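These notes concern the structure reproduced below.
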Amino acid sequence: MTSQLLKANVLKKMSPVFGQQSYDDHEQIVFCNDKDTGLKAIIGIHNTVLGPALGGTRMWQYNNEWEALNDVLRLSRGMTFKSAITGLNLGGGKAVIIGDSKTQKTPELMKRFGEFVHSLSGKYITAEDVGMETTDMDLVRDVTPYVTGISESRGGAGNPSPITAYGVFMGMKAAAKYKFGSEVLEDKSVLVQGVGHVGESLVEHLTNEGARVIISDINEERLNEVSTKYGSSIYRGQDMYSEDVDIYAPCALGATINDETIHRIKAKIIAGAANNQLADEAKHGTILQERGVVYAPDFLINAGGIINVYAELEGYGKTEIMRKTENIYNTTIEILRKAEENGITTQEAALNVAQERIEIRKKENMNL
Ligand code: NAD
């Protein structure tokens, strides 16, 4: 072992949290534990330069606590750049609850989680993510105002997933315009991985446009439901990534573009809703660029949901939500061109624009 590697290992042991690979100057990490309800959660606040850290809560059965910590660090960082590039005055945060949302989620657990959110006095504002429903956010709302994505009957903007899907659809069209010269997706083959809240709504848009939709999910019931409703084909093979499709839309969990999959991907465009699709941003972004695969950065095209919940804080209505979400098309085109002009990956181009906005605000805040 080289002395450098030894040093890195020693540092990691001494600093298991701040030394984490996914730790990126996060401002605050809050570990929440409640024996009575069985709640084990982590709230990650990445950056609050542009505003309070807003991001959803994910409930997932992680293999271990490190995996959960890693996820919340990656997800909260992504939220910072998502809001920044979308022009919202929000910082980046996210929360994870460790457990099975189908069997371990109770109203008491959700309310206890809400109390932890409340204890941060608005520095972190929550919403739904994987494993959460609007009704869960309503329970959180019972104990704290620092929650979005609540029911329309309670003054919220409702389920953000259809808006997220619409934004992804816009981003996908922009990528198609850039790659194929036309934004029309009719007859294009699109593989949608994960047909949950966002995936199903994306399938609807694609079907209406006349695309050839292939779906994949680990949940057989969902597969059958969506396939019956929209007439999509179900992928039944063993090697989904090698499927010869025009577009791959990751709409399940993150890091599906990794060392194992990247060289098998045949799609010419990757555009989907999942957060953190690239396991290693720099490495996998570069490989996609070299292979000529157009990657529409996830945090750019899946911003519809945050635009929708931001409306609850800012008080704008559906027309403005749709206008802002439709604008994802223009921003995506702009980012894809910027990447090409500067010979950088699309991920890097998007990060640069987001970081620039944060730096400008930081300077403004310092001069106040
Ligand atoms: P969801 O839980 O409703 O759906 C996820 C679906 O993916 C489920 O049907 C699940 O069975 C399936 N799945 C899980 N692992 C899979 C695998 N290995 N292969 C195939 N399918 C798999 O979640 P959602 O709200 O639709 O969100 C989907 C993704 O989009 C998540 O990564 C989420 O973070 C991201 N996202 C969602 C929103 C939103 O508004 N809901 C906004 C931005 C980003």
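Each chain in the structure tokens gets a letter, A, B, ..., in the order shown, and its residues are numbered from 1; ligands are numbered from 1 in order too.
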message = Neighbouring residues of ligand 1 are defined here as those with any atom at most 9 Å from a ligand atom, counting only C-alpha atoms and all ligand atoms; list them as a ChimeraX atom specification.
response = /A:56,58,75,128-133,159-165,192-201,215-220,222-223,250-254,256,272-277,298-299,301-306,308
Filtering to C-alpha atoms, could you give me those residues as a PDB file, in the first residue's frame?
ATOM      1  CA  GLY A  56     -37.814  15.326  -0.305  1.00  0.00           C
ATOM      2  CA  ARG A  58     -36.918   9.042   0.936  1.00  0.00           C
ATOM      3  CA  LEU A  75     -29.156  13.515  -2.809  1.00  0.00           C
ATOM      4  CA  GLU A 128     -42.007  13.597  -0.740  1.00  0.00           C
ATOM      5  CA  ASP A 129     -39.552  11.304  -2.469  1.00  0.00           C
ATOM      6  CA  VAL A 130     -39.404   7.546  -3.043  1.00  0.00           C
ATOM      7  CA  GLY A 131     -41.561   5.679  -0.531  1.00  0.00           C
ATOM      8  CA  MET A 132     -43.601   8.760   0.381  1.00  0.00           C
ATOM      9  CA  GLU A 133     -47.099   9.920  -0.481  1.00  0.00           C
ATOM     10  CA  ASN A 159     -48.437  15.446  -5.889  1.00  0.00           C
ATOM     11  CA  PRO A 160     -45.329  16.801  -7.675  1.00  0.00           C
ATOM     12  CA  SER A 161     -44.656  13.632  -9.692  1.00  0.00           C
ATOM     13  CA  PRO A 162     -46.731  14.493 -12.814  1.00  0.00           C
ATOM     14  CA  ILE A 163     -44.915  17.840 -13.061  1.00  0.00           C
ATOM     15  CA  THR A 164     -41.557  16.114 -12.609  1.00  0.00           C
ATOM     16  CA  ALA A 165     -42.507  13.743 -15.424  1.00  0.00           C
ATOM     17  CA  VAL A 192     -38.414   3.546 -19.005  1.00  0.00           C
ATOM     18  CA  GLN A 193     -36.777   1.914 -15.981  1.00  0.00           C
ATOM     19  CA  GLY A 194     -39.100   2.241 -12.983  1.00  0.00           C
ATOM     20  CA  VAL A 195     -42.777   2.939 -13.526  1.00  0.00           C
ATOM     21  CA  GLY A 196     -43.659   4.454 -10.176  1.00  0.00           C
ATOM     22  CA  HIS A 197     -45.173   7.903  -9.671  1.00  0.00           C
ATOM     23  CA  VAL A 198     -42.930   9.695 -12.179  1.00  0.00           C
ATOM     24  CA  GLY A 199     -42.245   6.781 -14.528  1.00  0.00           C
ATOM     25  CA  GLU A 200     -45.929   6.115 -15.180  1.00  0.00           C
ATOM     26  CA  SER A 201     -46.652   9.750 -15.947  1.00  0.00           C
ATOM     27  CA  ILE A 215     -40.985  -0.578 -19.418  1.00  0.00           C
ATOM     28  CA  SER A 216     -39.052  -2.312 -16.660  1.00  0.00           C
ATOM     29  CA  ASP A 217     -39.704  -2.494 -12.918  1.00  0.00           C
ATOM     30  CA  ILE A 218     -38.929  -4.833 -10.038  1.00  0.00           C
ATOM     31  CA  ASN A 219     -42.595  -4.634  -9.074  1.00  0.00           C
ATOM     32  CA  GLU A 220     -44.549  -7.048 -11.271  1.00  0.00           C
ATOM     33  CA  ARG A 222     -46.804  -2.052 -11.452  1.00  0.00           C
ATOM     34  CA  LEU A 223     -45.502  -3.505 -14.711  1.00  0.00           C
ATOM     35  CA  PRO A 250     -33.836   5.936 -15.627  1.00  0.00           C
ATOM     36  CA  CYS A 251     -36.825   6.557 -13.340  1.00  0.00           C
ATOM     37  CA  ALA A 252     -36.074   4.193 -10.446  1.00  0.00           C
ATOM     38  CA  LEU A 253     -33.105   4.762  -8.164  1.00  0.00           C
ATOM     39  CA  GLY A 254     -29.710   6.388  -8.724  1.00  0.00           C
ATOM     40  CA  THR A 256     -27.612   2.903 -12.640  1.00  0.00           C
ATOM     41  CA  GLY A 272     -34.779  10.300 -16.866  1.00  0.00           C
ATOM     42  CA  ALA A 273     -36.098  11.311 -13.478  1.00  0.00           C
ATOM     43  CA  ALA A 274     -33.866   9.381 -11.083  1.00  0.00           C
ATOM     44  CA  ASN A 275     -31.523  11.458  -8.969  1.00  0.00           C
ATOM     45  CA  ASN A 276     -27.768  10.847  -9.202  1.00  0.00           C
ATOM     46  CA  GLN A 277     -27.876   8.587 -12.231  1.00  0.00           C
ATOM     47  CA  ASP A 298     -30.738  14.499 -14.017  1.00  0.00           C
ATOM     48  CA  PHE A 299     -30.815  17.458 -11.643  1.00  0.00           C
ATOM     49  CA  ILE A 301     -34.469  17.805 -16.152  1.00  0.00           C
ATOM     50  CA  ASN A 302     -36.127  16.394 -13.023  1.00  0.00           C
ATOM     51  CA  ALA A 303     -36.673  19.843 -11.467  1.00  0.00           C
ATOM     52  CA  GLY A 304     -40.430  19.901 -12.194  1.00  0.00           C
ATOM     53  CA  GLY A 305     -41.197  18.530  -8.749  1.00  0.00           C
ATOM     54  CA  ILE A 306     -39.249  21.211  -6.943  1.00  0.00           C
ATOM     55  CA  ASN A 308     -44.195  22.539  -8.108  1.00  0.00           C
TER      56      ASN A 308
END
key: Within 12 Å of range 355-358 of chain A using only C-alpha atoms, minus same-chain residues under 2 positions, as an MDAnalysis selection string   = chainID A and resid 47:51 77:78 80:92 348:353 360:365
Could you take the residues named above and write them with N, CA, C and O atoms, as a tab-separated table (two decimals), in the first residue's frame?
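File out10.tsv, as written:
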chain	number	residue	atom	x	y	z
A	47	ASN	N	-26.33	22.97	1.31
A	47	ASN	CA	-25.95	24.36	1.09
A	47	ASN	C	-27.19	25.24	1.21
A	47	ASN	O	-28.24	24.92	0.66
A	48	THR	N	-27.05	26.36	1.93
A	48	THR	CA	-28.23	27.23	2.09
A	48	THR	C	-27.94	28.66	1.61
A	48	THR	O	-28.57	29.61	2.06
A	49	VAL	N	-26.99	28.80	0.70
A	49	VAL	CA	-26.65	30.15	0.20
A	49	VAL	C	-27.85	30.79	-0.50
A	49	VAL	O	-28.17	31.95	-0.30
A	50	LEU	N	-28.54	30.02	-1.32
A	50	LEU	CA	-29.65	30.59	-2.10
A	50	LEU	C	-30.97	30.64	-1.32
A	50	LEU	O	-31.90	31.33	-1.73
A	51	GLY	N	-31.05	29.91	-0.23
A	51	GLY	CA	-32.30	29.88	0.55
A	51	GLY	C	-32.36	28.64	1.42
A	51	GLY	O	-31.38	27.89	1.52
A	77	ARG	N	-26.83	17.15	-2.02
A	77	ARG	CA	-25.94	17.92	-2.89
A	77	ARG	C	-26.64	18.18	-4.24
A	77	ARG	O	-26.62	19.27	-4.78
A	78	GLY	N	-27.27	17.13	-4.75
A	78	GLY	CA	-27.98	17.27	-6.03
A	78	GLY	C	-29.06	18.34	-5.96
A	78	GLY	O	-29.28	19.08	-6.92
A	80	THR	N	-29.05	21.06	-4.21
A	80	THR	CA	-28.45	22.40	-4.27
A	80	THR	C	-28.33	22.85	-5.72
A	80	THR	O	-28.73	23.95	-6.09
A	81	PHE	N	-27.82	21.95	-6.55
A	81	PHE	CA	-27.57	22.32	-7.95
A	81	PHE	C	-28.88	22.35	-8.75
A	81	PHE	O	-29.01	23.14	-9.69
A	82	LYS	N	-29.83	21.51	-8.35
A	82	LYS	CA	-31.12	21.49	-9.04
A	82	LYS	C	-31.83	22.84	-8.89
A	82	LYS	O	-32.28	23.44	-9.85
A	83	SER	N	-31.91	23.31	-7.65
A	83	SER	CA	-32.60	24.58	-7.42
A	83	SER	C	-31.82	25.74	-8.03
A	83	SER	O	-32.42	26.67	-8.56
A	84	ALA	N	-30.49	25.65	-7.95
A	84	ALA	CA	-29.67	26.74	-8.48
A	84	ALA	C	-29.85	26.87	-9.99
A	84	ALA	O	-30.10	27.97	-10.50
A	85	ILE	N	-29.79	25.76	-10.71
A	85	ILE	CA	-29.88	25.84	-12.17
A	85	ILE	C	-31.30	26.19	-12.63
A	85	ILE	O	-31.49	26.75	-13.71
A	86	THR	N	-32.27	25.91	-11.78
A	86	THR	CA	-33.66	26.20	-12.13
A	86	THR	C	-34.03	27.64	-11.78
A	86	THR	O	-35.12	28.10	-12.12
A	87	GLY	N	-33.12	28.33	-11.11
A	87	GLY	CA	-33.37	29.74	-10.78
A	87	GLY	C	-34.25	29.92	-9.56
A	87	GLY	O	-34.86	30.98	-9.38
A	88	LEU	N	-34.32	28.90	-8.69
A	88	LEU	CA	-35.14	29.01	-7.48
A	88	LEU	C	-34.28	29.49	-6.32
A	88	LEU	O	-33.09	29.18	-6.25
A	89	ASN	N	-34.89	30.24	-5.42
A	89	ASN	CA	-34.15	30.72	-4.25
A	89	ASN	C	-34.24	29.70	-3.12
A	89	ASN	O	-34.86	29.92	-2.09
A	90	LEU	N	-33.62	28.56	-3.38
A	90	LEU	CA	-33.63	27.46	-2.43
A	90	LEU	C	-32.25	26.84	-2.34
A	90	LEU	O	-31.52	26.79	-3.33
A	91	GLY	N	-31.94	26.34	-1.15
A	91	GLY	CA	-30.71	25.58	-0.99
A	91	GLY	C	-31.00	24.11	-1.19
A	91	GLY	O	-32.11	23.73	-1.60
A	92	GLY	N	-29.99	23.28	-0.90
A	92	GLY	CA	-30.15	21.84	-1.14
A	92	GLY	C	-30.17	21.03	0.14
A	92	GLY	O	-29.27	21.13	0.98
A	348	GLU	N	-20.91	18.45	-16.23
A	348	GLU	CA	-20.00	19.53	-15.82
A	348	GLU	C	-20.57	20.89	-16.24
A	348	GLU	O	-20.54	21.84	-15.46
A	349	ALA	N	-21.08	20.95	-17.46
A	349	ALA	CA	-21.64	22.22	-17.96
A	349	ALA	C	-22.79	22.67	-17.07
A	349	ALA	O	-22.90	23.86	-16.72
A	350	ALA	N	-23.64	21.73	-16.67
A	350	ALA	CA	-24.79	22.08	-15.83
A	350	ALA	C	-24.32	22.50	-14.43
A	350	ALA	O	-24.81	23.48	-13.87
A	351	LEU	N	-23.34	21.76	-13.91
A	351	LEU	CA	-22.82	22.10	-12.58
A	351	LEU	C	-22.19	23.49	-12.58
A	351	LEU	O	-22.37	24.27	-11.64
A	352	ASN	N	-21.48	23.81	-13.66
A	352	ASN	CA	-20.83	25.13	-13.75
A	352	ASN	C	-21.85	26.25	-13.66
A	352	ASN	O	-21.65	27.22	-12.94
A	353	VAL	N	-22.95	26.11	-14.41
A	353	VAL	CA	-23.98	27.15	-14.41
A	353	VAL	C	-24.59	27.29	-13.01
A	353	VAL	O	-24.78	28.40	-12.50
A	360	ILE	N	-22.25	33.90	-7.17
A	360	ILE	CA	-22.70	35.29	-7.29
A	360	ILE	C	-23.50	35.69	-6.04
A	360	ILE	O	-23.27	36.72	-5.44
A	361	ARG	N	-24.41	34.81	-5.62
A	361	ARG	CA	-25.25	35.11	-4.46
A	361	ARG	C	-24.40	35.20	-3.18
A	361	ARG	O	-24.63	36.04	-2.32
A	362	LYS	N	-23.40	34.34	-3.11
A	362	LYS	CA	-22.51	34.34	-1.94
A	362	LYS	C	-21.83	35.70	-1.80
A	362	LYS	O	-21.77	36.28	-0.72
A	363	LYS	N	-21.36	36.20	-2.94
A	363	LYS	CA	-20.68	37.52	-2.94
A	363	LYS	C	-21.68	38.61	-2.56
A	363	LYS	O	-21.37	39.48	-1.76
A	364	GLU	N	-22.89	38.52	-3.14
A	364	GLU	CA	-23.92	39.53	-2.81
A	364	GLU	C	-24.22	39.51	-1.31
A	364	GLU	O	-24.32	40.54	-0.68
A	365	ASN	N	-24.35	38.30	-0.76
A	365	ASN	CA	-24.67	38.16	0.67
A	365	ASN	C	-23.56	38.76	1.53
A	365	ASN	O	-23.82	39.36	2.57
inquiry  = Please determine, counting only C-alpha atoms, which residue among A:Tyr178, A:Ile43, A:Arg291, A:Val147 has the shortest atom-to-atom distance to Lys338 in chain A.
reply    =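 Using only C-alpha atoms, the shortest distance to Lys338 in chain A belongs to A:Tyr178.
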Shell around Gly122 in chain A at 7 Å using only C-alpha atoms, local window under 2 positions removed, as a list in words =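 With the cut-off at 7 Å, the set is Pro52, His118, Leu120, Tyr124, Ile125 and Tyr146 of chain A.
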ask   = Among range 141-283 of chain A, which ones does DSSP place in strand (DSSP E or B), written as a list in words?
value = Val147, Ser189, Val190, Leu191, Val192, Gln193, Arg212, Val213, Ile214, Ile215, Ser216, Ser233, Ile234, Ile247, Tyr248, Ala249, Pro250, Ile257, Ile269, Ile270 and Leu278 of chain A
May I have the residues from that selection written out with C-alpha atoms, as a PDB file, in the first residue's frame?
ATOM      1  CA  VAL A 147     -43.121  20.862   4.629  1.00  0.00           C
ATOM      2  CA  SER A 189     -37.964   3.667 -28.756  1.00  0.00           C
ATOM      3  CA  VAL A 190     -37.773   4.628 -25.107  1.00  0.00           C
ATOM      4  CA  LEU A 191     -36.903   2.292 -22.257  1.00  0.00           C
ATOM      5  CA  VAL A 192     -38.414   3.546 -19.005  1.00  0.00           C
ATOM      6  CA  GLN A 193     -36.777   1.914 -15.981  1.00  0.00           C
ATOM      7  CA  ARG A 212     -42.492   3.038 -28.685  1.00  0.00           C
ATOM      8  CA  VAL A 213     -42.332   2.527 -24.934  1.00  0.00           C
ATOM      9  CA  ILE A 214     -40.675  -0.408 -23.187  1.00  0.00           C
ATOM     10  CA  ILE A 215     -40.985  -0.578 -19.418  1.00  0.00           C
ATOM     11  CA  SER A 216     -39.052  -2.312 -16.660  1.00  0.00           C
ATOM     12  CA  SER A 233     -44.175  -3.564 -23.870  1.00  0.00           C
ATOM     13  CA  ILE A 234     -42.558  -5.086 -20.809  1.00  0.00           C
ATOM     14  CA  ILE A 247     -33.536   6.605 -25.337  1.00  0.00           C
ATOM     15  CA  TYR A 248     -32.941   5.199 -21.872  1.00  0.00           C
ATOM     16  CA  ALA A 249     -34.986   6.891 -19.132  1.00  0.00           C
ATOM     17  CA  PRO A 250     -33.836   5.936 -15.627  1.00  0.00           C
ATOM     18  CA  ILE A 257     -24.915   4.290 -14.930  1.00  0.00           C
ATOM     19  CA  ILE A 269     -29.786   9.531 -25.220  1.00  0.00           C
ATOM     20  CA  ILE A 270     -30.117   9.156 -21.464  1.00  0.00           C
ATOM     21  CA  LEU A 278     -24.105   8.665 -12.725  1.00  0.00           C
TER      22      LEU A 278
END
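Here CA of Ile97 in chain A and CA of Arg112 in chain A stand 11.4 Å from one another.
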ask   = Between A:Val245, A:Thr345, A:Arg323, A:Arg236, which one has atoms that come closest to Ile287 in chain A, using only C-alpha atoms?
value =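 Closest to Ile287 in chain A of all the choices is A:Thr345.
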task = Write out as a ChimeraX atom specification the residues lying within 9 Å of His26 in chain A, counting only C-alpha atoms and excluding same-chain residues fewer than 4 positions away.
result = /A:18,44-47,73,76-77
For N, CA and C atoms, I'd like the residues from the last selection saved as an mmCIF file, in the first residue's frame.
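Contents of the output file part-v1.cif:
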data_model
loop_
_atom_site.group_PDB
_atom_site.id
_atom_site.type_symbol
_atom_site.label_atom_id
_atom_site.label_comp_id
_atom_site.auth_asym_id
_atom_site.auth_seq_id
_atom_site.Cartn_x
_atom_site.Cartn_y
_atom_site.Cartn_z
ATOM 1 N N PHE A 18 -17.044 13.265 7.675
ATOM 2 C CA PHE A 18 -16.472 14.315 6.823
ATOM 3 C C PHE A 18 -15.488 13.737 5.798
ATOM 4 N N GLY A 44 -29.880 15.683 5.552
ATOM 5 C CA GLY A 44 -28.643 16.269 5.025
ATOM 6 C C GLY A 44 -28.914 17.666 4.502
ATOM 7 N N ILE A 45 -28.178 18.645 5.027
ATOM 8 C CA ILE A 45 -28.315 20.017 4.517
ATOM 9 C C ILE A 45 -27.001 20.352 3.820
ATOM 10 N N HIS A 46 -27.068 20.444 2.514
ATOM 11 C CA HIS A 46 -25.828 20.650 1.766
ATOM 12 C C HIS A 46 -25.405 22.104 1.724
ATOM 13 N N ASN A 47 -26.331 22.969 1.309
ATOM 14 C CA ASN A 47 -25.953 24.364 1.093
ATOM 15 C C ASN A 47 -27.193 25.243 1.212
ATOM 16 N N LEU A 73 -26.219 12.206 1.485
ATOM 17 C CA LEU A 73 -25.186 13.186 1.103
ATOM 18 C C LEU A 73 -25.261 13.480 -0.392
ATOM 19 N N SER A 76 -28.765 15.341 -1.231
ATOM 20 C CA SER A 76 -28.885 16.740 -0.786
ATOM 21 C C SER A 76 -27.989 17.649 -1.634
ATOM 22 N N ARG A 77 -26.834 17.151 -2.017
ATOM 23 C CA ARG A 77 -25.940 17.923 -2.893
ATOM 24 C C ARG A 77 -26.640 18.175 -4.239
#
query = With only C-alpha atoms as the basis for distance, which of A:Met240, A:Ile262, A:Met322, A:Leu368 is at the shortest distance from Lys283 in chain A?
reply =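 Among the listed residues, A:Ile262 lies closest to Lys283 in chain A.
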Neighbouring residues of Phe116 in chain A were defined as those with any atom within 12 Å, considering only C-alpha atoms; residues of the same chain fewer than 6 positions away were excluded. Please report them as a CSV table (one decimal) with N, CA, C and O atoms, in the first residue's frame.
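Contents of selection-v3.csv, as written:
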chain,number,residue,atom,x,y,z
A,30,VAL,N,-28.0,15.8,10.2
A,30,VAL,CA,-28.7,15.6,11.4
A,30,VAL,C,-29.2,14.1,11.5
A,30,VAL,O,-29.8,13.6,10.6
A,31,PHE,N,-28.8,13.4,12.6
A,31,PHE,CA,-29.2,12.0,12.7
A,31,PHE,C,-30.4,12.0,13.7
A,31,PHE,O,-30.3,12.6,14.8
A,32,CYS,N,-31.5,11.4,13.3
A,32,CYS,CA,-32.7,11.4,14.1
A,32,CYS,C,-33.0,10.0,14.5
A,32,CYS,O,-33.1,9.1,13.7
A,33,ASN,N,-33.3,9.8,15.8
A,33,ASN,CA,-33.5,8.5,16.4
A,33,ASN,C,-34.7,8.6,17.3
A,33,ASN,O,-34.7,9.4,18.2
A,34,ASP,N,-35.7,7.7,17.2
A,34,ASP,CA,-36.8,7.7,18.1
A,34,ASP,C,-37.2,6.2,18.4
A,34,ASP,O,-37.7,5.5,17.5
A,39,LEU,N,-38.2,5.2,14.5
A,39,LEU,CA,-37.7,6.1,13.5
A,39,LEU,C,-36.2,6.2,13.5
A,39,LEU,O,-35.6,6.4,14.6
A,40,LYS,N,-35.6,6.0,12.3
A,40,LYS,CA,-34.1,6.2,12.2
A,40,LYS,C,-34.0,7.0,10.9
A,40,LYS,O,-34.3,6.5,9.8
A,41,ALA,N,-33.6,8.3,11.0
A,41,ALA,CA,-33.6,9.1,9.8
A,41,ALA,C,-32.3,9.9,9.8
A,41,ALA,O,-31.7,10.2,10.9
A,42,ILE,N,-31.9,10.4,8.6
A,42,ILE,CA,-30.8,11.3,8.5
A,42,ILE,C,-31.3,12.5,7.6
A,42,ILE,O,-31.8,12.3,6.5
A,43,ILE,N,-31.0,13.7,8.1
A,43,ILE,CA,-31.3,14.9,7.3
A,43,ILE,C,-30.0,15.5,6.8
A,43,ILE,O,-29.1,15.7,7.7
A,95,ALA,N,-33.7,14.2,3.0
A,95,ALA,CA,-33.8,13.3,4.2
A,95,ALA,C,-34.0,11.9,3.8
A,95,ALA,O,-34.6,11.6,2.8
A,97,ILE,N,-35.3,8.1,5.5
A,97,ILE,CA,-35.7,7.3,6.7
A,97,ILE,C,-35.4,5.9,6.3
A,97,ILE,O,-35.7,5.4,5.2
A,109,LEU,N,-44.7,7.5,13.2
A,109,LEU,CA,-43.3,7.7,12.7
A,109,LEU,C,-43.2,9.0,11.9
A,109,LEU,O,-42.2,9.7,12.0
A,110,MET,N,-44.2,9.2,11.0
A,110,MET,CA,-44.1,10.4,10.2
A,110,MET,C,-44.2,11.7,11.0
A,110,MET,O,-43.5,12.6,10.7
A,122,GLY,N,-36.8,25.6,10.0
A,122,GLY,CA,-37.0,26.1,8.7
A,122,GLY,C,-35.8,26.1,7.8
A,122,GLY,O,-35.8,26.4,6.6
A,123,LYS,N,-34.6,25.7,8.4
A,123,LYS,CA,-33.4,25.6,7.6
A,123,LYS,C,-33.5,24.5,6.6
A,123,LYS,O,-33.0,24.5,5.5
A,124,TYR,N,-34.3,23.5,7.0
A,124,TYR,CA,-34.6,22.4,6.1
A,124,TYR,C,-36.1,22.3,5.9
A,124,TYR,O,-36.8,22.3,6.9
A,125,ILE,N,-36.6,22.2,4.6
A,125,ILE,CA,-38.0,22.0,4.4
A,125,ILE,C,-38.2,20.7,3.6
A,125,ILE,O,-37.5,20.5,2.6
A,126,THR,N,-39.1,19.9,4.1
A,126,THR,CA,-39.2,18.6,3.4
A,126,THR,C,-40.3,18.5,2.4
A,126,THR,O,-41.0,19.5,2.1
A,140,VAL,N,-46.9,15.2,8.3
A,140,VAL,CA,-45.8,16.0,8.8
A,140,VAL,C,-46.3,17.4,9.0
A,140,VAL,O,-45.9,18.1,10.0
A,143,VAL,N,-47.5,18.7,12.4
A,143,VAL,CA,-46.5,19.1,13.5
A,143,VAL,C,-45.5,20.2,13.1
A,143,VAL,O,-44.8,20.7,13.9
A,144,THR,N,-45.5,20.5,11.8
A,144,THR,CA,-44.5,21.6,11.3
A,144,THR,C,-45.0,22.3,10.1
A,144,THR,O,-45.6,21.6,9.2
A,146,TYR,N,-42.8,23.4,8.0
A,146,TYR,CA,-41.7,23.3,7.1
A,146,TYR,C,-41.8,22.1,6.3
A,146,TYR,O,-40.9,21.2,6.3
A,147,VAL,N,-42.9,22.0,5.5
A,147,VAL,CA,-43.1,20.9,4.6
A,147,VAL,C,-43.9,21.3,3.4
A,147,VAL,O,-44.7,22.2,3.5
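Distance-wise, CA of Gly149 in chain A and CA of Val309 in chain A end up 5.5 Å apart.
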inquiry  = Please identify the helix (DSSP H, G or I) residues within range 273-305 of chain A (assignment by DSSP from backbone atoms) and present them as a list in words.
reply    =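 Here is the list: Glu281, Ala282, Lys283, His284, Gly285, Thr286, Ile287, Leu288, Gln289, Glu290, Arg291, Asp298, Phe299, Leu300, Ile301, Gly304 and Gly305 of chain A.
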task = May I have the residues within 9 Å of Glu108 in chain A as a PyMOL selection string, using only C-alpha atoms and disregarding those fewer than 5 positions away in the same chain?
result = chain A and resi 37+113+139
Could you please take those selected residues and save N, CA, C and O atoms as an mmCIF file, in the first residue's frame?
data_model
loop_
_atom_site.group_PDB
_atom_site.id
_atom_site.type_symbol
_atom_site.label_atom_id
_atom_site.label_comp_id
_atom_site.auth_asym_id
_atom_site.auth_seq_id
_atom_site.Cartn_x
_atom_site.Cartn_y
_atom_site.Cartn_z
ATOM 1 N N THR A 37 -41.147 5.035 18.074
ATOM 2 C CA THR A 37 -41.758 4.843 16.747
ATOM 3 C C THR A 37 -40.862 4.025 15.817
ATOM 4 O O THR A 37 -41.269 3.659 14.717
ATOM 5 N N PHE A 113 -40.953 12.230 12.739
ATOM 6 C CA PHE A 113 -39.996 12.760 11.766
ATOM 7 C C PHE A 113 -40.243 14.264 11.571
ATOM 8 O O PHE A 113 -39.316 15.067 11.549
ATOM 9 N N LEU A 139 -49.332 14.449 7.210
ATOM 10 C CA LEU A 139 -49.071 14.089 8.610
ATOM 11 C C LEU A 139 -47.933 14.945 9.178
ATOM 12 O O LEU A 139 -47.992 15.401 10.311
#
request  = Just give me the gap between CA of Ile328 in chain A and CA of Leu185 in chain A in Å, one decimal is fine.
outcome  =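 These atoms are spaced 16.7 Å apart.
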task = Determine, counting only C-alpha atoms, which protein, DNA and RNA residues have an atom within 9 Å of an atom of Gln347 in chain A; residues of the same chain fewer than 6 positions away are not included. Present the result as a VMD selection string.
result = chain A and resid 281 to 282 285 295 to 298 335 339
